[in-house]
$ cat entry_32.txt   # compact mmCIF, C-alpha atoms
# COMPACT_ATOMS: atom_id res chain seq x y z
CA MET L 1 106.14 14.41 104.30
CA LEU L 2 109.63 13.25 105.22
CA LEU L 3 111.30 15.58 107.69
CA MET L 4 114.59 16.15 105.88
CA THR L 5 116.35 19.05 104.23
CA ILE L 6 118.35 19.01 101.06
CA ASP L 7 121.95 20.02 101.74
CA SER L 8 122.99 20.58 98.18
CA ALA L 9 121.75 20.29 94.63
CA PRO L 10 122.86 21.55 91.25
CA VAL L 11 121.70 25.06 90.49
CA GLN L 12 119.12 24.99 87.74
CA ALA L 13 119.28 27.60 85.04
CA ASP L 14 117.07 30.63 85.54
CA SER L 15 113.69 30.18 83.92
CA THR L 16 111.51 32.82 82.31
CA LEU L 17 110.09 33.64 85.73
CA GLY L 18 113.43 33.43 87.51
CA ILE L 19 112.54 30.33 89.53
CA HIS L 20 114.92 27.45 90.22
CA VAL L 21 113.07 24.17 89.81
CA ASP L 22 113.44 20.84 88.05
CA GLY L 23 109.84 21.13 86.84
CA ALA L 24 106.88 23.51 87.16
CA ILE L 25 103.47 24.26 85.75
CA LEU L 26 100.68 26.80 86.31
CA ILE L 27 97.08 26.22 85.21
CA ASP L 28 93.70 27.88 85.38
CA ALA L 29 91.81 25.77 87.90
CA ASP L 30 88.47 26.33 86.17
CA SER L 31 89.19 25.62 82.50
CA GLY L 32 92.47 23.73 82.80
CA LYS L 33 94.23 26.26 80.55
CA ILE L 34 97.98 25.91 80.97
CA LEU L 35 99.38 29.36 81.69
CA TYR L 36 103.03 28.43 82.12
CA GLU L 37 105.16 25.29 82.09
CA GLU L 38 108.79 24.42 82.54
CA ASN L 39 110.09 20.88 82.01
CA ALA L 40 106.57 19.76 82.84
CA ASP L 41 106.68 16.43 80.98
CA THR L 42 109.71 14.91 82.71
CA PRO L 43 108.93 12.31 85.41
CA LEU L 44 110.30 13.47 88.78
CA GLY L 45 109.89 12.50 92.41
CA ILE L 46 106.58 13.69 93.84
CA ALA L 47 106.97 12.75 97.53
CA SER L 48 103.83 13.46 99.58
CA MET L 49 102.03 15.10 96.66
CA SER L 50 101.19 11.41 96.02
CA LYS L 51 98.64 11.74 98.81
CA MET L 52 96.35 13.68 96.45
CA MET L 53 95.68 10.37 94.68
CA THR L 54 94.91 8.71 98.01
CA GLU L 55 92.53 11.58 98.77
CA TYR L 56 90.79 11.20 95.41
CA ILE L 57 90.24 7.47 95.92
CA LEU L 58 89.05 8.11 99.49
CA PHE L 59 86.46 10.68 98.42
CA GLU L 60 85.26 8.36 95.68
CA ALA L 61 84.93 5.44 98.13
CA ILE L 62 82.92 7.68 100.49
CA GLU L 63 80.72 8.85 97.61
CA GLU L 64 80.05 5.28 96.51
CA GLY L 65 79.21 4.15 100.04
CA LYS L 66 82.12 1.70 100.26
CA ILE L 67 83.33 3.28 103.49
CA SER L 68 82.11 6.11 105.75
CA TRP L 69 83.70 8.99 107.61
CA ASP L 70 82.76 7.55 111.01
CA GLN L 71 84.01 4.05 110.13
CA GLU L 72 86.71 2.92 112.55
CA TYR L 73 90.11 1.57 111.62
CA SER L 74 92.08 -0.82 113.84
CA VAL L 75 95.83 -0.27 113.82
CA THR L 76 98.00 -2.93 112.15
CA ASP L 77 101.65 -3.81 112.75
CA TYR L 78 102.50 -1.86 109.61
CA THR L 79 100.76 1.39 110.49
CA TYR L 80 101.89 1.18 114.11
CA ALA L 81 105.56 0.83 113.13
CA VAL L 82 105.38 3.73 110.65
CA SER L 83 103.46 5.96 113.08
CA GLN L 84 106.19 5.59 115.72
CA ASP L 85 108.94 6.70 113.32
CA ARG L 86 109.74 10.24 114.44
CA ARG L 87 111.80 10.93 111.31
CA LEU L 88 108.51 11.11 109.44
CA SER L 89 105.49 13.36 109.55
CA ASN L 90 103.02 11.36 111.66
CA VAL L 91 100.36 11.36 114.32
CA PRO L 92 101.00 8.63 116.92
CA LEU L 93 98.75 5.60 116.60
CA ARG L 94 98.26 3.22 119.53
CA ARG L 95 98.88 -0.44 118.76
CA ASP L 96 95.48 -1.37 120.21
CA GLY L 97 93.77 1.84 119.09
CA THR L 98 90.92 2.58 116.70
CA TYR L 99 90.52 5.75 114.68
CA THR L 100 87.78 7.12 112.46
CA ILE L 101 88.40 7.63 108.78
CA LEU L 102 87.67 11.34 109.28
CA GLU L 103 90.43 11.60 111.90
CA LEU L 104 92.88 9.83 109.63
CA TYR L 105 91.92 11.95 106.63
CA GLU L 106 92.41 15.21 108.53
CA ALA L 107 95.83 13.98 109.67
CA LEU L 108 96.68 13.19 106.04
CA ALA L 109 95.41 16.45 104.54
CA ILE L 110 96.65 18.85 107.23
CA TYR L 111 99.75 17.17 108.64
CA SER L 112 100.73 14.83 105.80
CA ALA L 113 100.63 11.97 108.31
CA ASN L 114 102.11 8.90 106.66
CA ALA L 115 100.77 6.10 108.85
CA ALA L 116 97.29 7.67 108.67
CA THR L 117 97.56 7.58 104.88
CA ILE L 118 98.48 3.88 104.88
CA ALA L 119 95.58 3.24 107.26
CA ILE L 120 93.16 4.78 104.77
CA ALA L 121 94.65 2.68 101.96
CA GLU L 122 94.24 -0.49 104.05
CA THR L 123 90.64 0.41 104.90
CA ILE L 124 89.69 0.89 101.27
CA ALA L 125 91.59 -1.98 99.65
CA GLY L 126 92.56 -4.35 102.47
CA THR L 127 96.29 -3.87 101.93
CA GLU L 128 98.47 -1.14 100.53
CA THR L 129 99.56 -3.58 97.83
CA GLU L 130 95.96 -3.84 96.62
CA PHE L 131 95.54 -0.08 96.99
CA LEU L 132 98.34 0.45 94.48
CA LYS L 133 96.14 -1.25 91.88
CA LEU L 134 93.41 1.32 92.57
CA MET L 135 95.95 4.13 92.24
CA ASP L 136 97.08 2.82 88.85
CA GLU L 137 93.50 2.35 87.64
CA LYS L 138 92.52 5.87 88.69
CA ALA L 139 95.66 7.34 87.13
CA LYS L 140 94.75 5.74 83.80
CA GLU L 141 91.15 6.91 84.11
CA LEU L 142 92.26 10.50 84.77
CA GLY L 143 94.69 10.40 81.85
CA LEU L 144 97.89 10.79 83.86
CA LYS L 145 101.10 9.99 82.02
CA ASP L 146 104.54 8.66 82.93
CA TYR L 147 103.67 7.94 86.55
CA LYS L 148 104.85 5.22 88.91
CA PHE L 149 103.25 4.53 92.27
CA VAL L 150 105.06 2.26 94.72
CA ASN L 151 103.11 3.27 97.85
CA SER L 152 100.23 5.46 99.00
CA THR L 153 102.29 8.06 100.87
CA GLY L 154 105.11 9.20 98.61
CA LEU L 155 107.80 8.11 101.07
CA ASN L 156 110.81 6.22 99.85
CA ASN L 157 110.09 2.55 100.48
CA GLU L 158 113.17 2.31 102.71
CA TYR L 159 111.19 4.14 105.42
CA LEU L 160 108.39 1.56 105.47
CA HIS L 161 110.14 -0.84 107.85
CA GLY L 162 110.41 -3.66 105.35
CA MET L 163 106.64 -3.77 104.85
CA HIS L 164 106.47 -1.87 101.58
CA PRO L 165 103.91 -3.08 98.99
CA GLN L 166 104.62 -6.36 97.27
CA GLY L 167 106.22 -6.09 93.85
CA THR L 168 107.97 -2.81 94.62
CA GLY L 169 111.65 -2.22 95.36
CA GLU L 170 112.91 -1.55 98.87
CA LYS L 171 114.21 1.87 97.80
CA ASP L 172 111.60 2.77 95.17
CA GLU L 173 109.75 6.09 95.22
CA ASN L 174 106.76 7.58 93.42
CA VAL L 175 107.39 9.63 90.28
CA MET L 176 105.25 11.72 87.93
CA PRO L 177 105.72 14.74 85.64
CA ALA L 178 104.54 18.16 86.84
CA LYS L 179 101.86 18.13 84.15
CA SER L 180 100.35 14.91 85.49
CA VAL L 181 100.53 16.22 89.07
CA ALA L 182 98.60 19.30 87.94
CA ARG L 183 96.07 17.13 86.14
CA LEU L 184 95.55 15.06 89.30
CA ALA L 185 95.08 18.20 91.41
CA PHE L 186 92.77 19.66 88.77
CA HIS L 187 90.46 16.64 88.82
CA LEU L 188 90.60 16.30 92.61
CA MET L 189 89.37 19.88 92.98
CA LYS L 190 86.82 19.56 90.17
CA ASP L 191 85.31 16.32 91.42
CA TYR L 192 85.72 16.84 95.16
CA PRO L 193 86.04 20.58 95.89
CA GLU L 194 85.32 19.84 99.55
CA VAL L 195 88.97 18.82 99.86
CA LEU L 196 89.76 22.53 100.24
CA GLU L 197 87.65 22.72 103.40
CA THR L 198 90.33 20.62 105.08
CA THR L 199 93.49 21.72 103.26
CA LYS L 200 92.80 25.34 104.22
CA ILE L 201 92.98 24.51 107.95
CA ASN L 202 96.31 25.85 109.19
CA SER L 203 96.29 24.06 112.52
CA LYS L 204 94.26 21.44 114.37
CA VAL L 205 94.75 19.17 117.38
CA PHE L 206 94.60 15.44 116.70
CA ARG L 207 92.77 13.52 119.44
CA LYS L 208 92.09 16.71 121.38
CA GLY L 209 91.47 16.14 125.07
CA THR L 210 93.33 12.82 125.20
CA SER L 211 96.84 11.85 126.23
CA ASP L 212 97.59 11.29 122.52
CA ALA L 213 96.74 14.89 121.58
CA ILE L 214 99.17 16.39 119.08
CA LYS L 215 99.05 19.76 117.35
CA MET L 216 99.00 19.41 113.57
CA ASP L 217 100.40 22.51 111.87
CA ASN L 218 99.77 22.48 108.14
CA TRP L 219 102.98 22.08 106.11
CA ASN L 220 101.57 24.58 103.62
CA PHE L 221 103.25 27.71 104.97
CA MET L 222 101.47 29.90 102.40
CA LEU L 223 98.20 29.65 104.33
CA PRO L 224 96.94 32.69 106.28
CA GLY L 225 98.92 33.29 109.45
CA PHE L 226 102.04 31.43 108.31
CA VAL L 227 105.46 32.79 107.43
CA TYR L 228 105.01 32.67 103.64
CA GLU L 229 101.33 33.68 103.66
CA TYR L 230 99.86 34.46 100.25
CA GLU L 231 96.41 35.97 99.74
CA GLY L 232 93.85 33.43 98.59
CA VAL L 233 95.83 30.22 99.26
CA ASP L 234 93.71 27.35 100.59
CA GLY L 235 95.56 24.20 99.49
CA LEU L 236 96.80 21.81 98.39
CA LYS L 237 99.73 19.43 99.14
CA THR L 238 103.41 19.70 99.98
CA GLY L 239 106.04 17.00 99.54
CA THR L 240 109.65 16.52 100.63
CA THR L 241 112.12 13.64 100.34
CA ASP L 242 115.82 13.46 99.51
CA PHE L 243 114.97 12.11 96.06
CA ALA L 244 112.10 14.47 95.23
CA GLY L 245 113.49 17.57 96.93
CA HIS L 246 111.08 20.29 98.02
CA CYS L 247 107.83 20.08 96.06
CA PHE L 248 104.45 21.77 96.30
CA THR L 249 101.07 21.70 94.60
CA GLY L 250 99.43 24.95 95.62
CA THR L 251 96.16 26.64 94.75
CA ALA L 252 94.98 30.18 95.34
CA MET L 253 91.87 32.17 94.52
CA ARG L 254 91.48 35.90 94.00
CA GLY L 255 88.07 37.24 93.10
CA ASP L 256 86.64 34.73 90.68
CA LYS L 257 90.06 33.53 89.45
CA ARG L 258 91.67 30.35 90.79
CA VAL L 259 94.99 28.88 89.73
CA ILE L 260 96.92 25.71 90.50
CA ALA L 261 100.72 25.70 90.61
CA VAL L 262 103.11 22.75 90.82
CA VAL L 263 106.80 23.16 91.63
CA MET L 264 109.20 20.21 91.79
CA LYS L 265 112.62 20.08 93.43
CA ALA L 266 112.77 23.80 94.13
CA VAL L 267 116.09 25.31 95.23
CA ASP L 268 117.40 28.78 95.91
CA ALA L 269 120.00 30.64 93.82
CA ASN L 270 122.76 28.74 95.62
CA GLY L 271 121.27 25.37 94.77
CA LYS L 272 119.97 24.60 98.23
CA GLY L 273 116.52 23.11 98.65
CA SER L 274 114.28 24.52 101.36
CA TYR L 275 110.70 25.22 102.31
CA LYS L 276 111.30 28.87 101.39
CA ALA L 277 112.57 27.91 97.92
CA ARG L 278 109.44 26.01 97.03
CA PHE L 279 107.10 28.69 98.35
CA ASP L 280 109.08 31.46 96.64
CA ALA L 281 108.78 29.58 93.34
CA THR L 282 105.06 29.08 93.91
CA ARG L 283 104.62 32.76 94.75
CA ALA L 284 106.29 33.72 91.47
CA LEU L 285 103.88 31.46 89.56
CA PHE L 286 100.85 32.82 91.42
CA ASP L 287 101.93 36.43 90.83
CA TYR L 288 102.39 35.72 87.14
CA GLY L 289 98.97 34.10 86.82
CA PHE L 290 97.01 36.75 88.65
CA SER L 291 98.80 39.76 87.12
CA GLN L 292 99.11 38.69 83.49
CA PHE L 293 95.90 36.74 82.85
CA SER L 294 92.19 37.42 82.97
CA GLU L 295 89.19 35.24 82.29
CA GLN L 296 87.80 35.73 78.79
CA GLU L 297 84.82 34.23 77.00
CA LEU L 298 86.28 32.56 73.94
CA LEU L 299 83.06 31.06 72.56
CA PRO L 300 79.42 31.70 73.46
CA ALA L 301 76.87 28.99 74.09
CA GLY L 302 75.28 27.92 70.81
CA TYR L 303 78.36 28.70 68.75
CA GLN L 304 78.45 26.80 65.44
CA PHE L 305 81.53 26.12 63.35
CA LYS L 306 81.23 27.70 59.92
CA ASP L 307 82.56 24.63 58.14
CA GLN L 308 80.56 22.12 60.19
CA LYS L 309 77.19 23.32 61.39
CA THR L 310 75.61 19.89 60.90
CA LEU L 311 76.41 16.20 60.96
CA ASP L 312 75.10 13.60 58.55
CA VAL L 313 72.73 11.07 60.12
CA ARG L 314 72.63 7.45 59.04
CA LYS L 315 69.32 5.55 59.22
CA GLY L 316 67.46 8.62 60.47
CA LYS L 317 64.20 10.29 59.53
CA GLU L 318 66.31 13.40 58.99
CA LYS L 319 69.47 13.32 56.91
CA THR L 320 71.36 15.86 59.03
CA VAL L 321 71.34 17.29 62.55
CA SER L 322 72.71 20.61 63.79
CA ILE L 323 75.58 20.72 66.28
CA GLU L 324 76.75 23.53 68.56
CA VAL L 325 78.79 24.44 71.63
CA LYS L 326 76.83 23.44 74.71
CA GLU L 327 77.97 26.10 77.18
CA PRO L 328 80.06 29.27 76.99
CA ILE L 329 83.76 28.48 76.87
CA ARG L 330 85.82 30.67 79.14
CA ALA L 331 89.49 30.53 79.98
CA MET L 332 92.23 32.60 81.56
CA ILE L 333 94.41 34.08 78.83
CA LYS L 334 96.60 37.14 78.53
CA SER L 335 94.24 40.06 78.17
CA SER L 336 95.95 41.35 75.03
CA GLU L 337 95.85 37.98 73.24
CA LYS L 338 92.14 37.13 73.06
CA ASP L 339 92.01 37.65 69.30
CA LEU L 340 94.92 35.28 68.79
CA TYR L 341 92.90 32.23 69.81
CA GLU L 342 90.71 30.12 67.56
CA PRO L 343 88.45 27.13 68.24
CA GLN L 344 88.96 23.69 66.70
CA LEU L 345 86.24 21.06 66.51
CA VAL L 346 87.23 17.57 67.68
CA LEU L 347 84.64 14.88 66.95
CA ASP L 348 84.39 11.79 69.16
CA GLU L 349 85.08 8.74 67.01
CA LYS L 350 82.98 6.58 69.32
CA TYR L 351 79.87 8.37 68.07
CA VAL L 352 80.89 9.93 64.77
CA LYS L 353 82.20 7.56 62.13
CA ASP L 354 83.11 8.74 58.64
CA GLY L 355 81.57 12.11 59.42
CA ALA L 356 78.13 10.74 60.34
CA ILE L 357 76.22 9.70 63.43
CA GLU L 358 73.69 6.86 63.51
CA ALA L 359 70.03 7.36 64.49
CA PRO L 360 68.34 7.47 66.89
CA VAL L 361 69.98 10.64 68.17
CA LYS L 362 68.94 12.38 71.38
CA LYS L 363 69.08 16.16 71.76
CA GLY L 364 72.07 17.11 73.89
CA THR L 365 74.14 14.08 72.98
CA VAL L 366 77.81 15.01 73.31
CA ILE L 367 79.56 14.16 70.05
CA GLY L 368 82.85 15.98 70.54
CA HIS L 369 84.64 18.84 72.24
CA VAL L 370 86.40 22.08 71.43
CA ASN L 371 90.12 22.70 71.46
CA VAL L 372 91.07 26.36 71.73
CA VAL L 373 94.48 27.03 70.20
CA LYS L 374 96.63 30.06 69.62
CA LYS L 375 97.05 31.08 66.00
CA GLU L 376 100.60 32.25 66.52
CA GLY L 377 103.18 32.35 69.29
CA GLU L 378 103.66 30.02 72.24
CA ASP L 379 100.61 28.24 73.58
CA TYR L 380 100.57 25.43 76.14
CA GLY L 381 97.01 24.27 75.52
CA PHE L 382 94.79 22.73 78.21
CA ILE L 383 95.52 20.22 80.92
CA ASP L 384 92.33 18.40 79.86
CA SER L 385 89.79 19.77 77.37
CA LYS L 386 87.27 16.97 77.78
CA ASP L 387 84.36 16.96 80.24
CA LEU L 388 84.98 20.57 81.19
CA GLY L 389 82.08 22.41 79.62
CA MET L 390 83.75 22.40 76.21
CA ASP L 391 81.26 19.94 74.78
CA ILE L 392 79.76 19.90 71.30
CA VAL L 393 76.19 18.61 71.30
CA VAL L 394 73.40 17.86 68.82
CA THR L 395 70.56 20.37 68.99
CA GLU L 396 67.54 18.14 68.37
CA ASP L 397 66.21 14.59 68.45
CA VAL L 398 66.42 12.52 65.29
CA GLU L 399 64.32 9.37 65.23
CA LYS L 400 65.36 6.24 63.44
CA ALA L 401 63.70 5.83 60.06
CA GLY L 402 61.10 3.09 59.66
CA TRP L 403 61.72 -0.24 57.94
CA PHE L 404 60.10 0.86 54.68
CA SER L 405 62.11 4.10 54.49
CA LEU L 406 65.34 2.29 55.21
CA THR L 407 64.57 -0.32 52.56
CA MET L 408 63.71 2.30 49.93
CA SER L 409 66.82 4.25 50.84
CA ALA L 410 68.94 1.14 50.42
CA ILE L 411 67.35 0.43 47.04
CA GLY L 412 67.96 4.03 46.01
CA ASP L 413 71.57 3.82 47.08
CA PHE L 414 71.93 0.60 45.11
CA PHE L 415 70.68 2.16 41.86
CA VAL L 416 72.67 5.33 42.47
CA GLY L 417 75.74 3.14 42.79
CA ILE L 418 74.92 1.37 39.51
CA TRP L 419 74.29 4.68 37.74
CA ASP L 420 77.51 6.18 39.05
CA GLY L 421 79.39 3.09 37.91
CA ALA L 422 77.80 3.15 34.46
CA THR L 423 78.39 6.84 33.88
CA GLY L 424 81.94 6.44 35.00
CA PHE L 425 82.43 3.55 32.55
CA ILE L 426 80.90 5.52 29.66
CA LYS L 427 82.91 8.59 30.52
CA GLY L 428 86.03 6.47 30.50
CA LEU L 429 85.32 5.29 26.95
CA PHE L 430 85.40 8.85 25.62
CA ASP L 431 88.21 10.26 27.76
$ encode --input "entry_32.txt" --output "structure tokens"
Amino acid sequence: MLLMTIDSAPVQADSTLGIHVDGAILIDADSGKILYEENADTPLGIASMSKMMTEYILFEAIEEGKISWDQEYSVTDYTYAVSQDRRLSNVPLRRDGTYTILELYEALAIYSANAATIAIAETIAGTETEFLKLMDEKAKELGLKDYKFVNSTGLNNEYLHGMHPQGTGEKDENVMPAKSVARLAFHLMKDYPEVLETTKINSKVFRKGTSDAIKMDNWNFMLPGFVYEYEGVDGLKTGTTDFAGHCFTGTAMRGDKRVIAVVMKAVDANGKGSYKARFDATRALFDYGFSQFSEQELLPAGYQFKDQKTLDVRKGKEKTVSIEVKEPIRAMIKSSEKDLYEPQLVLDEKYVKDGAIEAPVKKGTVIGHVNVVKKEGEDYGFIDSKDLGMDIVVTEDVEKAGWFSLTMSAIGDFFVGIWDGATGFIKGLFD
């Protein structure tokens, strides 16, 4: 986070919820159902919300054994210079010091420490320049759109003391639409829910018991005990720069319902950006989600589409195989609108070609997914309907037919083709 305030900004028009933002979105954290969006497809500055991508890549590197939490990092000229910049959110790093990855991660997640973030990037990829390649690759893999990463922190490059990543401009800054920010947060929490164990910490001392000890108060002032406390909030990432304004990706849980909200360049009614403006906008989104929506089962496990209960099988002992919804499909929707939704079958073209799948086929093979759409009225769809328990699977094994059966089938198809051609020719003579 960059410690600056926004003196003035144009007043955005009141939205449906009465918030003043350049972009916003609210989603169901479980299903990815989009509950509300406002200018969510326009690329905007994301500031330190960028650090969610660094967190994702860090967790993945830990999971794959490429680095470890107790691994030590030795401070470089780059991270030392950034860490000493008191204009920025930082924990001080000694020039000759070493720090564990866990220490650096906690500084990133709780205090939005910029030098600590760069240190993690250097540990994983060698340099921040190389780390940018990992950020781009992961963004593509997660299906993010219209993004640009120029560093791992979200700072404007002008604050990186002339050591910004190669190939980026000296005043460049990260951008992404609210919808892509929500998608990143959604996958971070789905794949690495343990991130919330750290983001929910409202205060911790870095290097406790040493002369370098510094209290890290979480910049998320909606956490318990803070001025804008909101019941159920336990994450996720704030962001502030002159370019991006006051941004926030927040998540809250009440009962068994969890939502994710993203607000970008939030201002008050007078057009002034502030911490309060972004948390007020987030509160409005949270209130809307929890008061207007409830989780509903839209399709049960085993559901079969009336018009497509089976798939044709090529080269199989059986000519068809049954398909069905793998698991119950649930989503947060307005309680009064359950009957307005209908399922749509989407077949995966990698497996299903010309309406058929080729044997052998294993029971449980995922051959598509379900889209749930509203029959009438406004519907925002899902942030990502794939790999989220909305799978369509085959219900049984189908073995590949033997050589003799395949040969006879081919011969039969040959003569059927001749017969169809002949009857068509004869029919044509008398038409």
$ residues_around --input "entry_32.txt" --residues "Arg183 of chain L" --least-positions-apart "5" --cutoff "9 Å" --atoms "all atoms listed in the file" --output "number ranges by chain"
L: 32, 142-144, 178, 188, 383-384
$ closest_residue --input "entry_32.txt" --among "L:Lys66, L:Lys326, L:Lys215, L:Lys171" --to "Ile110 of chain L" --atoms "all atoms listed in the file"
L:Lys215
$ closest_residue --input "entry_32.txt" --among "L:Glu337, L:Glu231, L:Glu128, L:Glu103" --to "Thr76 of chain L" --atoms "only C-alpha atoms"
L:Glu128
$ closest_atom_pairs --input "entry_32.txt" --of "segment 263-321 of chain L" --to "segment 329-333 of chain L" --cutoff "6 Å" --atoms "all atoms listed in the file" --output "tab-separated table"
residue	atom	partner	partner_atom	distance
L:Phe293	CA	L:Ile333	CA	5.0
L:Ser294	CA	L:Met332	CA	5.0
L:Glu295	CA	L:Met332	CA	4.1
L:Gln296	CA	L:Arg330	CA	5.4
L:Glu297	CA	L:Arg330	CA	4.3
L:Leu298	CA	L:Arg330	CA	5.6
L:Leu299	CA	L:Ile329	CA	5.1
$ residues_around --input "entry_32.txt" --residues "Asn202 of chain L" --least-positions-apart "5" --cutoff "8 Å" --atoms "only C-alpha atoms" --output "MDAnalysis selection string"
chainID L and resid 110 217:218 220 223:225
$ closest_residue --input "entry_32.txt" --among "L:Ile124, L:Lys375, L:Gly23, L:Ile118" --to "Lys338 of chain L" --atoms "all atoms listed in the file"
L:Lys375
